[in-house]
Amino acid sequence: METTDPPASLLCREVKDRRGRVYRVGESAADILGHGRVWMVVLPWLGMTGIACAGYAFLTARGGLRDAHQWGGELFRPAGLWALCQTAVALPAGLLRESRRLTARTAVLTGAFGTLLGYLSLAFAAGLPLVRLGFAVVGGVSAGLVHSTCLTLPGKWYPERRGGPTGFVASGLAFGAVPLLPVLGSGAGRADHRFLLAATGAGVCLVVASAGWFFRDPPKNWWPPHIDPLRVAAGPVARRARERNPPAVRQFGTWQAARTPALWLMCLCVLGTAGAAALGCRWLVPLAREAGFTGHTVRTAAALALTAGAGLGAVGVLSDRVGRRATLTGACLVLGGAQFGLLAAAGTGSVSLFLGSAGAAGLAGGAVPALVAALAADHFGENHSAGAYGLVAGSAALAVLAGLGAAAGDPGGRAAHGAFVLAGYTGLACAVPALFLTAPGRPRARRIVPNPHPLGEEMA
């Protein structure tokens, strides 16, 4: 162990482990922030909830936009472009954040005001070109800035157990739908789409900007002072968690991480699970209509939102206990199996199985990005975790492009059954690369072979 005292601060010191990784210890979160680090979980959750509410507002007001402007199926294109811009901006935003040219506060404030502009242009749009520019491009990029910043910030402040905080923040994506569920059920969004979109944009801007004003990244290599980074805790729970989720052997740069097999395995998981979730969401309503479950649309949406929201935090805590690789593998298996459960429910007419499978699909689909965000910090270190996560999240753009092509296809009949079969097998297949995820640079445990010539008494 090597200890050095950086001249910039008298409150902290830097220690190195046997592999040379540097830990900055001594400063508490209260010394840096002026308050506890729990606020770097609560405030990102508010930001994530607000930006998710903006996305659900478009789905709720889609009927009103279609009737007011006679925009039929063309509405799918701005929505797909919005999702494409949201995923594509994760990498440049992560690179700018890690280079300190874009702070977490600036990223979220920019995203908040951009979301307001996007939804105002959608509410008062005179034609689809303005919708594509204002809502899809500006609004999508803004949502991506908020999403990637909020999801990667808790892992920097909780390097010793980042699964639970990251999962809790990710649950905001599901809880963002809850305020709009009554509107979806009453159909008010069809008549009052302009008021709904303008009010949602203003409310989201206020909530997200208020939360983002207090965002701050910790110093490079920061580690909480009450935990010794060089020793494993004596408690069995903490010791098992450290063994299942060991810290990165060193701090990898974004492009250094791109040259490791672990990052590409994560990309395969994200690409496959995003495609499976997109296929399931696209054909969920047509399958429900074909099976006679049209009266349960709101209940299905509520099952997806509430189950995923309540379960994501628990999944994060579970990943701290049993390991993130095992939890990610289980999430892929659940996501794939839930697609077959939906098909079985439609064939048997079981509403309870349909709602349970929809909730399981929403939980597993939401858990994968949170687990991958935590895994990126586990494998490549916290200093450049936003850039590494941006590389992985960008792979979901391919699934979005495939979804744009699927949106123009026939949404009913055999297409729905084929889509769910494809989504199910894709989700199950994603468990294979998840099984082989290992941290780069960490030596694998080898089988210990006993000495065939042990030290005998005659040699003592």
# chains A, B, ... in the order shown; residues from 1 in each chain; ligands from 1
call {"tool": "closest_atom_pairs", "arguments": {"of": "stretch 200-245 of chain A", "to": "stretch 116-121 of chain A", "cutoff": "9 Å", "atoms": "only C-alpha atoms", "output": "CSV"}}
result
residue,atom,partner,partner_atom,distance
A:Thr200,CA,A:Tyr119,CA,7.8
A:Gly201,CA,A:Leu116,CA,4.5
A:Ala202,CA,A:Leu116,CA,5.9
A:Gly203,CA,A:Leu116,CA,8.6
A:Val204,CA,A:Leu116,CA,7.4
A:Cys205,CA,A:Leu116,CA,5.8
call {"tool": "residues_around", "arguments": {"residues": "A:Asp320", "least_positions_apart": "5", "cutoff": "12 Å", "atoms": "only C-alpha atoms", "output": "PyMOL selection string"}}
result
chain A and resi 158-167+237-246+313-315+325-328+371+374-375+378
call {"tool": "select_by_dssp", "arguments": {"residues": "stretch 167-263 of chain A", "states": "alpha helix (DSSP H)", "output": "PyMOL selection string"}}
result
chain A and resi 167-170+172-175+181-186+188-191+193-212+236-244+254-258+261-263
call {"tool": "residues_around", "arguments": {"residues": "A:Phe215", "least_positions_apart": "2", "cutoff": "8 Å", "atoms": "only C-alpha atoms", "output": "NGL selection string"}}
result
:A and (40 or 43 or 104-105 or 211-213 or 217)
call {"tool": "atom_distance", "arguments": {"atom1": "atom CA of A:Leu265", "atom2": "atom CA of A:Ser171"}}
result
24.2 Å
call {"tool": "residues_around", "arguments": {"residues": "A:Ala83", "least_positions_apart": "3", "cutoff": "7 Å", "atoms": "only C-alpha atoms", "output": "tab-separated table (two decimals) with C-alpha atoms, in the first residue's frame"}}
result
chain	number	residue	atom	x	y	z
A	79	ALA	CA	-41.76	9.28	-31.71
A	80	GLY	CA	-39.12	6.95	-33.12
A	86	GLN	CA	-32.39	10.10	-26.74
A	87	THR	CA	-30.18	7.01	-27.03
A	140	GLY	CA	-35.09	13.76	-27.69
A	400	VAL	CA	-34.82	1.85	-32.18
call {"tool": "closest_residue", "arguments": {"among": "A:Val141, A:Val368, A:Leu342, A:Ala112", "to": "A:Cys267", "atoms": "only C-alpha atoms"}}
result
A:Val368
call {"tool": "atom_distance", "arguments": {"atom1": "atom CA of A:Leu287", "atom2": "atom CA of A:Gly337"}}
result
16.4 Å
call {"tool": "residues_around", "arguments": {"residues": "A:Ile227", "least_positions_apart": "5", "cutoff": "10 Å", "atoms": "only C-alpha atoms", "output": "mmCIF file with C-alpha atoms, in the first residue's frame"}}
result
data_model
loop_
_atom_site.group_PDB
_atom_site.id
_atom_site.type_symbol
_atom_site.label_atom_id
_atom_site.label_comp_id
_atom_site.auth_asym_id
_atom_site.auth_seq_id
_atom_site.Cartn_x
_atom_site.Cartn_y
_atom_site.Cartn_z
ATOM 1 C CA VAL A 25 -10.315 9.084 0.961
ATOM 2 C CA GLU A 160 -19.225 0.539 -2.596
ATOM 3 C CA VAL A 232 -12.922 -6.265 2.960
ATOM 4 C CA ALA A 233 -15.454 -5.693 5.726
#
call {"tool": "closest_residue", "arguments": {"among": "A:Ser357, A:Ser395, A:Thr273, A:Thr260", "to": "A:Tyr425", "atoms": "only C-alpha atoms"}}
result
A:Thr273
call {"tool": "closest_residue", "arguments": {"among": "A:Ser28, A:Val334, A:Gln339, A:Ala386", "to": "A:Leu102", "atoms": "only C-alpha atoms"}}
result
A:Ala386
call {"tool": "atom_distance", "arguments": {"atom1": "atom CA of A:Gly418", "atom2": "atom CA of A:Ser352"}}
result
22.4 Å
call {"tool": "closest_residue", "arguments": {"among": "A:Ala393, A:Ala258, A:Leu33, A:Ala248", "to": "A:Gly381", "atoms": "only C-alpha atoms"}}
result
A:Ala248
call {"tool": "closest_residue", "arguments": {"among": "A:Ala373, A:Ala93, A:Ala276, A:Leu391", "to": "A:Pro154", "atoms": "only C-alpha atoms"}}
result
A:Ala373
